[in-house]
Amino acid sequence: MSKDEIPSHHGVEDGSKKTYPNETLRVLCERGSVRNFSEREIPEDVMSLILDAGVHAPTGGNLQPYSIIKIQDRETKGELARLCEQNFIEKAPVDLLFCIDWHRIKRWAELEVAPFTATSSFRHFWISFQDTVIAAQNIVVAADALGLGSVYVGTVIDFVSEIREMFNLPGGVFPVVLLCVGYPASKPLPRKKLGMDMIVHNEKYEERTDKELLQAFNEKYSGIKIPITKERLDLLSQVCKDVAGEDFAERCIARVEQNGYINAVQRYFGLHYIANRMPENNEDFLKLMEEAGFQWFKKFEGR
Ligand SMILES: Cc1cc2nc3c(=O)[nH]c(=O)nc-3n(C[C@H](O)[C@H](O)[C@H](O)COP(=O)(O)O)c2cc1C
């Protein structure tokens with residue numbers, strides 16, 4: 001089943017009565033992913049401001065272990081759009097590919113005769129992944145602040161080999177996420193989120209009661225009722241069987257029938273991020289990382 005056939009999980013937030021003490025907070029809280037881009041080009045100076053905001057993001061030790069590939073070529077964008085099966089990638093005037101980049105720093109270490117093990121260290125992986133995403137998010141905010149919009153595309157992870165080849169990524173460089181940037185054809189409405197009462201814990205992790213938890217998710221996903229079709233039920237049932245056995249599958253289908261619809265979390269992990277398929281190729285990802293020159297998850301053997 002293609003994901004286009006499944007109704008969206010996105011509810012829209014009612015922010016009509018919200019006010020903000022300044023423009024920064026308004027931009028942060030009113031942001032919504034843009035997938036509907038206008039034809040309007042992004043002027044060079046505007047693009048520079050946005051990218052510079054990314055470069056100024058905090059990074060562990062100020063090492064800046066990431067690179068951004070700026071993609072404007074129509075053909076390349078088209079190729080990416082087909083690969084990821086998301087048309088807006090081609091329509092966006094600029095796509096930015098964020099990559100962990102230890103290649104540049106390794107070269108620096110070699111040139112300056114310094115020891116280097118970052119591509120073999122889980123710690124360095126962990127921090128550089130965060131560094132890369134934080135820089136990307138600075139760019140998201142900067143783009144919004146200048147009247148543009150953006151959307152992340154995480155599915156590049158499914159095409160690491162192709163992307164490494166398309167963009168000449170050397171060893172030590174690993175694609176993390178794509179960001180499509182452009183002027184919105186229509187302003188997206190902010191999506192509903194779990195509130196601070198669920199996300200923020202005071203001093204220690206505070207377990208919510210079942211009632212509180214369900215109430216919060218029901219509020220976020222209110223109105224999300226996926227109509228039952230035979231195809232969906234069969235898939236959901238099969239996924240449940242594969243993941244947790246026959247009894248669980250029966251319980252899940254009974255819940256669907258009792259409700260008269262497929263609920264939001266059943267949709268998420270039964271029909272969209274399909275629970276039995278998601279962990280299938282964990283080992284392939286490790287292999288891809290090794291092929292890209294990383295031994296992050298291996299015992300370090302030294303020289
Ligand atoms: C890491 C990451 C990967 C994402 N990948 C995709 C994607 O492949 N396709 C897409 O349409 N949206 C993608 N999104 C956008 C999310 O769907 C979106 O942020 C989410 O639904 C919340 O909506 P909002 O951004 O409007 O608040 C991604 C977002 C993140 C942070």
# chains A, B, ... in the order shown; residues from 1 in each chain; ligands from 1
call {"tool": "closest_atom_pairs", "arguments": {"of": "segment 118-213 of chain A", "to": "segment 87-91 of chain A", "cutoff": "10 Å", "atoms": "only C-alpha atoms", "output": "tab-separated table"}}
result
residue	atom	partner	partner_atom	distance
A:Val151	CA	A:Ile89	CA	9.2
A:Tyr152	CA	A:Ile89	CA	9.8
A:Val153	CA	A:Ile89	CA	8.5
A:Leu178	CA	A:Ile89	CA	9.0
A:Leu179	CA	A:Ile89	CA	8.6
A:Cys180	CA	A:Ile89	CA	6.1
A:Val181	CA	A:Ile89	CA	8.9
A:Gly182	CA	A:Lys91	CA	8.8
call {"tool": "write_last_selection", "arguments": {"atoms": "N, CA and C atoms", "output": "compact mmCIF listing (two decimals), in the first residue's frame"}}
result
# COMPACT_ATOMS: atom_id res chain seq x y z
N VAL A 151 10.89 21.79 4.52
CA VAL A 151 10.47 20.49 5.06
C VAL A 151 11.67 19.55 5.01
N TYR A 152 11.81 18.80 6.07
CA TYR A 152 12.86 17.77 6.10
C TYR A 152 12.40 16.56 5.30
N VAL A 153 13.39 15.85 4.73
CA VAL A 153 13.10 14.56 4.11
C VAL A 153 14.07 13.55 4.72
N LEU A 178 17.73 15.53 4.31
CA LEU A 178 17.59 16.54 3.25
C LEU A 178 16.60 17.60 3.76
N LEU A 179 16.83 18.83 3.36
CA LEU A 179 15.87 19.90 3.70
C LEU A 179 15.51 20.63 2.41
N CYS A 180 14.22 20.66 2.08
CA CYS A 180 13.75 21.39 0.91
C CYS A 180 13.37 22.78 1.37
N VAL A 181 13.87 23.79 0.67
CA VAL A 181 13.64 25.18 1.10
C VAL A 181 13.07 25.99 -0.06
N GLY A 182 12.13 26.86 0.24
CA GLY A 182 11.59 27.74 -0.79
C GLY A 182 10.51 28.63 -0.23
call {"tool": "residues_near_ligand", "arguments": {"ligand": "ligand 1", "cutoff": "7 Å", "atoms": "only C-alpha atoms and all ligand atoms", "output": "ChimeraX atom specification"}}
result
/A:10,31-33,35,151-155,177,190-191
call {"tool": "write_last_selection", "arguments": {"atoms": "N, CA and C atoms", "output": "mmCIF file, in the first residue's frame"}}
result
data_model
loop_
_atom_site.group_PDB
_atom_site.id
_atom_site.type_symbol
_atom_site.label_atom_id
_atom_site.label_comp_id
_atom_site.auth_asym_id
_atom_site.auth_seq_id
_atom_site.Cartn_x
_atom_site.Cartn_y
_atom_site.Cartn_z
ATOM 1 N N HIS A 10 -1.886 14.210 10.411
ATOM 2 C CA HIS A 10 -1.645 15.558 10.904
ATOM 3 C C HIS A 10 -2.914 16.283 11.304
ATOM 4 N N ARG A 31 5.659 27.852 13.026
ATOM 5 C CA ARG A 31 6.266 27.119 11.904
ATOM 6 C C ARG A 31 5.451 25.877 11.564
ATOM 7 N N GLY A 32 5.385 25.612 10.305
ATOM 8 C CA GLY A 32 4.805 24.347 9.849
ATOM 9 C C GLY A 32 5.595 23.899 8.638
ATOM 10 N N SER A 33 5.734 22.602 8.454
ATOM 11 C CA SER A 33 6.485 22.115 7.287
ATOM 12 C C SER A 33 5.790 22.554 6.002
ATOM 13 N N ARG A 35 5.369 21.948 2.032
ATOM 14 C CA ARG A 35 5.599 21.006 0.928
ATOM 15 C C ARG A 35 5.071 21.565 -0.386
ATOM 16 N N VAL A 151 10.894 21.794 4.524
ATOM 17 C CA VAL A 151 10.469 20.495 5.060
ATOM 18 C C VAL A 151 11.670 19.548 5.009
ATOM 19 N N TYR A 152 11.810 18.797 6.073
ATOM 20 C CA TYR A 152 12.858 17.773 6.102
ATOM 21 C C TYR A 152 12.405 16.561 5.303
ATOM 22 N N VAL A 153 13.385 15.853 4.735
ATOM 23 C CA VAL A 153 13.097 14.561 4.107
ATOM 24 C C VAL A 153 14.068 13.549 4.716
ATOM 25 N N GLY A 154 13.502 12.666 5.525
ATOM 26 C CA GLY A 154 14.343 11.691 6.223
ATOM 27 C C GLY A 154 14.625 10.447 5.405
ATOM 28 N N THR A 155 13.852 10.263 4.308
ATOM 29 C CA THR A 155 13.977 8.996 3.569
ATOM 30 C C THR A 155 15.289 8.879 2.794
ATOM 31 N N VAL A 177 20.153 14.023 6.493
ATOM 32 C CA VAL A 177 18.781 14.461 6.181
ATOM 33 C C VAL A 177 18.813 15.501 5.069
ATOM 34 N N PRO A 190 0.233 25.506 11.672
ATOM 35 C CA PRO A 190 1.023 24.697 12.612
ATOM 36 C C PRO A 190 0.270 23.441 13.021
ATOM 37 N N ARG A 191 1.001 22.341 13.119
ATOM 38 C CA ARG A 191 0.394 21.059 13.492
ATOM 39 C C ARG A 191 0.207 20.968 14.991
#
call {"tool": "residues_around", "arguments": {"residues": "segment 171-173 of chain A", "least_positions_apart": "5", "cutoff": "7 Å", "atoms": "only C-alpha atoms", "output": "JSON list (two decimals) with N, CA and C atoms, in the first residue's frame"}}
result
[["chain", "number", "residue", "atom", "x", "y", "z"],
["A", 99, "CYS", "N", 25.08, 16.45, 5.88],
["A", 99, "CYS", "CA", 25.88, 15.24, 6.06],
["A", 99, "CYS", "C", 26.79, 15.39, 7.27],
["A", 100, "ILE", "N", 26.93, 14.33, 8.03],
["A", 100, "ILE", "CA", 28.04, 14.27, 8.99],
["A", 100, "ILE", "C", 29.31, 14.31, 8.16],
["A", 101, "ASP", "N", 30.28, 15.12, 8.55],
["A", 101, "ASP", "CA", 31.53, 15.19, 7.77],
["A", 101, "ASP", "C", 32.75, 15.15, 8.68],
["A", 102, "TRP", "N", 33.35, 13.98, 8.78],
["A", 102, "TRP", "CA", 34.63, 13.87, 9.48],
["A", 102, "TRP", "C", 35.80, 13.88, 8.51],
["A", 103, "HIS", "N", 35.50, 13.87, 7.22],
["A", 103, "HIS", "CA", 36.55, 13.85, 6.19],
["A", 103, "HIS", "C", 37.41, 15.11, 6.27],
["A", 119, "THR", "N", 36.31, 8.70, 13.40],
["A", 119, "THR", "CA", 35.46, 7.83, 12.60],
["A", 119, "THR", "C", 35.34, 6.42, 13.19],
["A", 292, "ALA", "N", 31.16, 3.64, 4.26],
["A", 292, "ALA", "CA", 31.45, 5.08, 4.20],
["A", 292, "ALA", "C", 32.64, 5.45, 5.10],
["A", 293, "GLY", "N", 33.28, 4.43, 5.65],
["A", 293, "GLY", "CA", 34.52, 4.70, 6.39],
["A", 293, "GLY", "C", 34.37, 4.83, 7.89],
["A", 294, "PHE", "N", 33.21, 4.37, 8.42],
["A", 294, "PHE", "CA", 32.99, 4.52, 9.86],
["A", 294, "PHE", "C", 33.02, 3.17, 10.58]]
call {"tool": "residues_around", "arguments": {"residues": "Arg303 of chain A", "least_positions_apart": "4", "cutoff": "12 Å", "atoms": "only C-alpha atoms", "output": "list of chain:residue names"}}
result
A:Pro115, A:Phe116, A:Thr117, A:Ser120
call {"tool": "select_by_dssp", "arguments": {"residues": "segment 166-247 of chain A", "states": "alpha helix (DSSP H)", "output": "MDAnalysis selection string"}}
result
chainID A and resid 166 196:199 210:220 230:244 246:247
call {"tool": "write_last_selection", "arguments": {"atoms": "N, CA and C atoms", "output": "CSV table (one decimal), in the first residue's frame"}}
result
chain,number,residue,atom,x,y,z
A,166,MET,N,25.9,10.1,-6.1
A,166,MET,CA,25.3,11.3,-6.8
A,166,MET,C,26.1,12.5,-6.4
A,196,MET,N,3.4,21.0,26.7
A,196,MET,CA,4.5,21.0,27.7
A,196,MET,C,4.2,20.1,28.9
A,197,ASP,N,2.9,19.9,29.2
A,197,ASP,CA,2.5,19.1,30.3
A,197,ASP,C,2.9,17.6,30.1
A,198,MET,N,3.0,17.2,28.8
A,198,MET,CA,3.5,15.9,28.5
A,198,MET,C,5.0,15.8,28.3
A,199,ILE,N,5.5,16.8,27.7
A,199,ILE,CA,6.9,16.8,27.3
A,199,ILE,C,7.9,17.2,28.4
A,210,ASP,N,-2.1,6.4,32.9
A,210,ASP,CA,-2.7,6.0,31.6
A,210,ASP,C,-3.7,7.0,31.1
A,211,LYS,N,-4.5,7.5,32.0
A,211,LYS,CA,-5.6,8.4,31.7
A,211,LYS,C,-5.0,9.7,31.1
A,212,GLU,N,-4.0,10.2,31.8
A,212,GLU,CA,-3.3,11.5,31.3
A,212,GLU,C,-2.7,11.3,29.9
A,213,LEU,N,-2.1,10.1,29.8
A,213,LEU,CA,-1.4,9.9,28.5
A,213,LEU,C,-2.4,9.7,27.4
A,214,LEU,N,-3.4,9.0,27.6
A,214,LEU,CA,-4.4,8.8,26.5
A,214,LEU,C,-5.1,10.1,26.2
A,215,GLN,N,-5.4,10.8,27.2
A,215,GLN,CA,-6.1,12.1,27.0
A,215,GLN,C,-5.2,13.0,26.1
A,216,ALA,N,-3.9,13.1,26.4
A,216,ALA,CA,-3.0,13.9,25.7
A,216,ALA,C,-2.9,13.5,24.2
A,217,PHE,N,-2.7,12.2,24.0
A,217,PHE,CA,-2.6,11.7,22.6
A,217,PHE,C,-4.0,11.9,21.9
A,218,ASN,N,-5.1,11.6,22.6
A,218,ASN,CA,-6.4,11.8,22.0
A,218,ASN,C,-6.6,13.2,21.5
A,219,GLU,N,-6.1,14.2,22.4
A,219,GLU,CA,-6.3,15.6,22.0
A,219,GLU,C,-5.5,15.9,20.8
A,220,LYS,N,-4.2,15.4,20.8
A,220,LYS,CA,-3.3,15.7,19.6
A,220,LYS,C,-3.9,15.1,18.3
A,230,LYS,N,-10.5,-3.6,3.9
A,230,LYS,CA,-10.0,-5.0,4.1
A,230,LYS,C,-8.4,-5.0,3.9
A,231,GLU,N,-7.9,-4.2,3.0
A,231,GLU,CA,-6.5,-4.2,2.7
A,231,GLU,C,-5.8,-3.7,4.0
A,232,ARG,N,-6.3,-2.6,4.6
A,232,ARG,CA,-5.7,-2.1,5.8
A,232,ARG,C,-5.7,-3.1,7.0
A,233,LEU,N,-6.9,-3.7,7.1
A,233,LEU,CA,-7.0,-4.7,8.2
A,233,LEU,C,-6.1,-5.9,8.1
A,234,ASP,N,-6.0,-6.3,6.8
A,234,ASP,CA,-5.1,-7.5,6.6
A,234,ASP,C,-3.6,-7.1,6.9
A,235,LEU,N,-3.2,-5.9,6.4
A,235,LEU,CA,-1.9,-5.5,6.7
A,235,LEU,C,-1.6,-5.3,8.2
A,236,LEU,N,-2.5,-4.6,8.9
A,236,LEU,CA,-2.4,-4.4,10.3
A,236,LEU,C,-2.3,-5.8,11.0
A,237,SER,N,-3.1,-6.7,10.7
A,237,SER,CA,-3.2,-8.0,11.3
A,237,SER,C,-1.9,-8.7,11.1
A,238,GLN,N,-1.4,-8.7,9.9
A,238,GLN,CA,-0.1,-9.4,9.5
A,238,GLN,C,1.1,-8.8,10.3
A,239,VAL,N,1.1,-7.4,10.4
A,239,VAL,CA,2.2,-6.8,11.1
A,239,VAL,C,2.1,-7.2,12.5
A,240,CYS,N,1.0,-7.1,13.1
A,240,CYS,CA,0.8,-7.5,14.5
A,240,CYS,C,1.3,-9.0,14.8
A,241,LYS,N,0.9,-9.9,13.9
A,241,LYS,CA,1.3,-11.3,14.0
A,241,LYS,C,2.8,-11.4,14.0
A,242,ASP,N,3.4,-10.7,13.0
A,242,ASP,CA,4.9,-10.8,12.9
A,242,ASP,C,5.6,-10.3,14.1
A,243,VAL,N,5.0,-9.2,14.7
A,243,VAL,CA,5.7,-8.5,15.8
A,243,VAL,C,5.4,-9.1,17.1
A,244,ALA,N,4.2,-9.5,17.3
A,244,ALA,CA,3.8,-9.9,18.7
A,244,ALA,C,2.9,-11.1,18.8
A,246,GLU,N,-0.2,-14.1,17.3
A,246,GLU,CA,-1.6,-14.3,16.9
A,246,GLU,C,-2.5,-13.5,17.9
A,247,ASP,N,-2.3,-13.8,19.2
A,247,ASP,CA,-3.2,-13.2,20.2
A,247,ASP,C,-3.2,-11.7,20.1
call {"tool": "select_by_dssp", "arguments": {"residues": "segment 43-164 of chain A", "states": "strand (DSSP E)", "output": "ChimeraX atom specification"}}
result
/A:66-71,94-101,149-153
call {"tool": "write_last_selection", "arguments": {"atoms": "N, CA and C atoms", "output": "PDB file, in the first residue's frame"}}
result
ATOM      1  N   TYR A  66      30.177  18.702   9.994  1.00  0.00           N
ATOM      2  CA  TYR A  66      29.089  18.458   9.040  1.00  0.00           C
ATOM      3  C   TYR A  66      29.345  19.288   7.791  1.00  0.00           C
ATOM      4  N   SER A  67      28.735  18.861   6.701  1.00  0.00           N
ATOM      5  CA  SER A  67      28.745  19.640   5.462  1.00  0.00           C
ATOM      6  C   SER A  67      27.325  19.727   4.928  1.00  0.00           C
ATOM      7  N   ILE A  68      27.105  20.773   4.150  1.00  0.00           N
ATOM      8  CA  ILE A  68      25.784  20.973   3.534  1.00  0.00           C
ATOM      9  C   ILE A  68      25.983  20.999   2.022  1.00  0.00           C
ATOM     10  N   ILE A  69      25.312  20.101   1.315  1.00  0.00           N
ATOM     11  CA  ILE A  69      25.370  20.142  -0.153  1.00  0.00           C
ATOM     12  C   ILE A  69      24.161  20.947  -0.621  1.00  0.00           C
ATOM     13  N   LYS A  70      24.451  22.065  -1.305  1.00  0.00           N
ATOM     14  CA  LYS A  70      23.363  22.920  -1.808  1.00  0.00           C
ATOM     15  C   LYS A  70      22.996  22.455  -3.221  1.00  0.00           C
ATOM     16  N   ILE A  71      21.740  22.048  -3.394  1.00  0.00           N
ATOM     17  CA  ILE A  71      21.330  21.433  -4.668  1.00  0.00           C
ATOM     18  C   ILE A  71      20.280  22.313  -5.334  1.00  0.00           C
ATOM     19  N   VAL A  94      15.571  25.098  -3.760  1.00  0.00           N
ATOM     20  CA  VAL A  94      16.842  24.631  -3.206  1.00  0.00           C
ATOM     21  C   VAL A  94      16.602  23.440  -2.275  1.00  0.00           C
ATOM     22  N   ASP A  95      17.410  22.415  -2.458  1.00  0.00           N
ATOM     23  CA  ASP A  95      17.427  21.302  -1.510  1.00  0.00           C
ATOM     24  C   ASP A  95      18.792  21.303  -0.840  1.00  0.00           C
ATOM     25  N   LEU A  96      18.777  21.122   0.464  1.00  0.00           N
ATOM     26  CA  LEU A  96      20.044  21.102   1.206  1.00  0.00           C
ATOM     27  C   LEU A  96      20.232  19.706   1.797  1.00  0.00           C
ATOM     28  N   LEU A  97      21.350  19.096   1.459  1.00  0.00           N
ATOM     29  CA  LEU A  97      21.644  17.766   1.996  1.00  0.00           C
ATOM     30  C   LEU A  97      22.642  17.927   3.144  1.00  0.00           C
ATOM     31  N   PHE A  98      22.198  17.570   4.335  1.00  0.00           N
ATOM     32  CA  PHE A  98      23.047  17.686   5.523  1.00  0.00           C
ATOM     33  C   PHE A  98      23.764  16.360   5.751  1.00  0.00           C
ATOM     34  N   CYS A  99      25.082  16.455   5.880  1.00  0.00           N
ATOM     35  CA  CYS A  99      25.884  15.242   6.060  1.00  0.00           C
ATOM     36  C   CYS A  99      26.794  15.393   7.267  1.00  0.00           C
ATOM     37  N   ILE A 100      26.932  14.325   8.028  1.00  0.00           N
ATOM     38  CA  ILE A 100      28.040  14.271   8.989  1.00  0.00           C
ATOM     39  C   ILE A 100      29.314  14.309   8.165  1.00  0.00           C
ATOM     40  N   ASP A 101      30.278  15.119   8.552  1.00  0.00           N
ATOM     41  CA  ASP A 101      31.531  15.188   7.769  1.00  0.00           C
ATOM     42  C   ASP A 101      32.750  15.148   8.685  1.00  0.00           C
ATOM     43  N   GLY A 149       9.935  28.776   3.684  1.00  0.00           N
ATOM     44  CA  GLY A 149       9.501  27.613   4.446  1.00  0.00           C
ATOM     45  C   GLY A 149      10.354  26.431   4.051  1.00  0.00           C
ATOM     46  N   SER A 150      10.188  25.340   4.778  1.00  0.00           N
ATOM     47  CA  SER A 150      11.029  24.179   4.503  1.00  0.00           C
ATOM     48  C   SER A 150      10.360  22.905   4.993  1.00  0.00           C
ATOM     49  N   VAL A 151      10.894  21.794   4.524  1.00  0.00           N
ATOM     50  CA  VAL A 151      10.469  20.495   5.060  1.00  0.00           C
ATOM     51  C   VAL A 151      11.670  19.548   5.009  1.00  0.00           C
ATOM     52  N   TYR A 152      11.810  18.797   6.073  1.00  0.00           N
ATOM     53  CA  TYR A 152      12.858  17.773   6.102  1.00  0.00           C
ATOM     54  C   TYR A 152      12.405  16.561   5.303  1.00  0.00           C
ATOM     55  N   VAL A 153      13.385  15.853   4.735  1.00  0.00           N
ATOM     56  CA  VAL A 153      13.097  14.561   4.107  1.00  0.00           C
ATOM     57  C   VAL A 153      14.068  13.549   4.716  1.00  0.00           C
TER      58      VAL A 153
END
call {"tool": "closest_residue", "arguments": {"among": "A:Ser222, A:Thr19, A:Ser48, A:Thr132", "to": "Pro65 of chain A", "atoms": "only C-alpha atoms"}}
result
A:Thr132
call {"tool": "closest_residue", "arguments": {"among": "A:Ala145, A:Leu63, A:Ala92, A:Ala81", "to": "Ile105 of chain A", "atoms": "only C-alpha atoms"}}
result
A:Leu63
call {"tool": "residues_around", "arguments": {"residues": "Asn259 of chain A", "least_positions_apart": "6", "cutoff": "12 Å", "atoms": "only C-alpha atoms", "output": "PyMOL selection string"}}
result
chain A and resi 225-228+252-253+266
call {"tool": "closest_atom_pairs", "arguments": {"of": "segment 171-249 of chain A", "to": "segment 22-30 of chain A", "cutoff": "12 Å", "atoms": "only C-alpha atoms", "output": "tab-separated table"}}
result
residue	atom	partner	partner_atom	distance
A:Lys187	CA	A:Glu30	CA	10.0
A:Pro188	CA	A:Glu30	CA	8.9
A:Leu189	CA	A:Glu30	CA	7.4
A:Pro190	CA	A:Glu30	CA	5.5
A:Arg191	CA	A:Glu30	CA	8.8
A:Lys192	CA	A:Glu30	CA	10.8
A:Lys193	CA	A:Cys29	CA	10.6
call {"tool": "write_last_selection", "arguments": {"atoms": "N, CA and C atoms", "output": "compact mmCIF listing (two decimals), in the first residue's frame"}}
result
# COMPACT_ATOMS: atom_id res chain seq x y z
N LYS A 187 0.65 29.32 3.10
CA LYS A 187 1.27 29.18 4.43
C LYS A 187 0.67 27.98 5.16
N PRO A 188 1.52 27.06 5.61
CA PRO A 188 0.97 25.89 6.31
C PRO A 188 0.50 26.28 7.70
N LEU A 189 -0.51 25.58 8.20
CA LEU A 189 -0.95 25.83 9.57
C LEU A 189 -0.12 24.96 10.51
N PRO A 190 0.23 25.51 11.67
CA PRO A 190 1.02 24.70 12.61
C PRO A 190 0.27 23.44 13.02
N ARG A 191 1.00 22.34 13.12
CA ARG A 191 0.39 21.06 13.49
C ARG A 191 0.21 20.97 14.99
N LYS A 192 -0.78 20.18 15.38
CA LYS A 192 -0.97 19.95 16.82
C LYS A 192 0.22 19.21 17.39
N LYS A 193 0.59 19.55 18.59
CA LYS A 193 1.70 18.89 19.29
C LYS A 193 1.22 18.45 20.67
call {"tool": "closest_residue", "arguments": {"among": "A:Val156, A:Asn276, A:Asp284, A:Arg123", "to": "Trp296 of chain A", "atoms": "only C-alpha atoms"}}
result
A:Arg123
call {"tool": "residues_around", "arguments": {"residues": "Ala135 of chain A", "least_positions_apart": "4", "cutoff": "7 Å", "atoms": "only C-alpha atoms", "output": "PyMOL selection string"}}
result
chain A and resi 54-55+57+131+139
call {"tool": "closest_residue", "arguments": {"among": "A:Asn36, A:Ile163, A:Ile42, A:Tyr273", "to": "Thr76 of chain A", "atoms": "only C-alpha atoms"}}
result
A:Ile163
call {"tool": "atom_distance", "arguments": {"atom1": "atom CA of Ala264 of chain A", "atom2": "atom CA of Thr229 of chain A"}}
result
15.2 Å
call {"tool": "atom_distance", "arguments": {"atom1": "atom CA of Phe122 of chain A", "atom2": "atom CA of Phe297 of chain A"}}
result
6.2 Å
call {"tool": "atom_distance", "arguments": {"atom1": "atom CA of Asn138 of chain A", "atom2": "atom CA of Glu44 of chain A"}}
result
18.1 Å
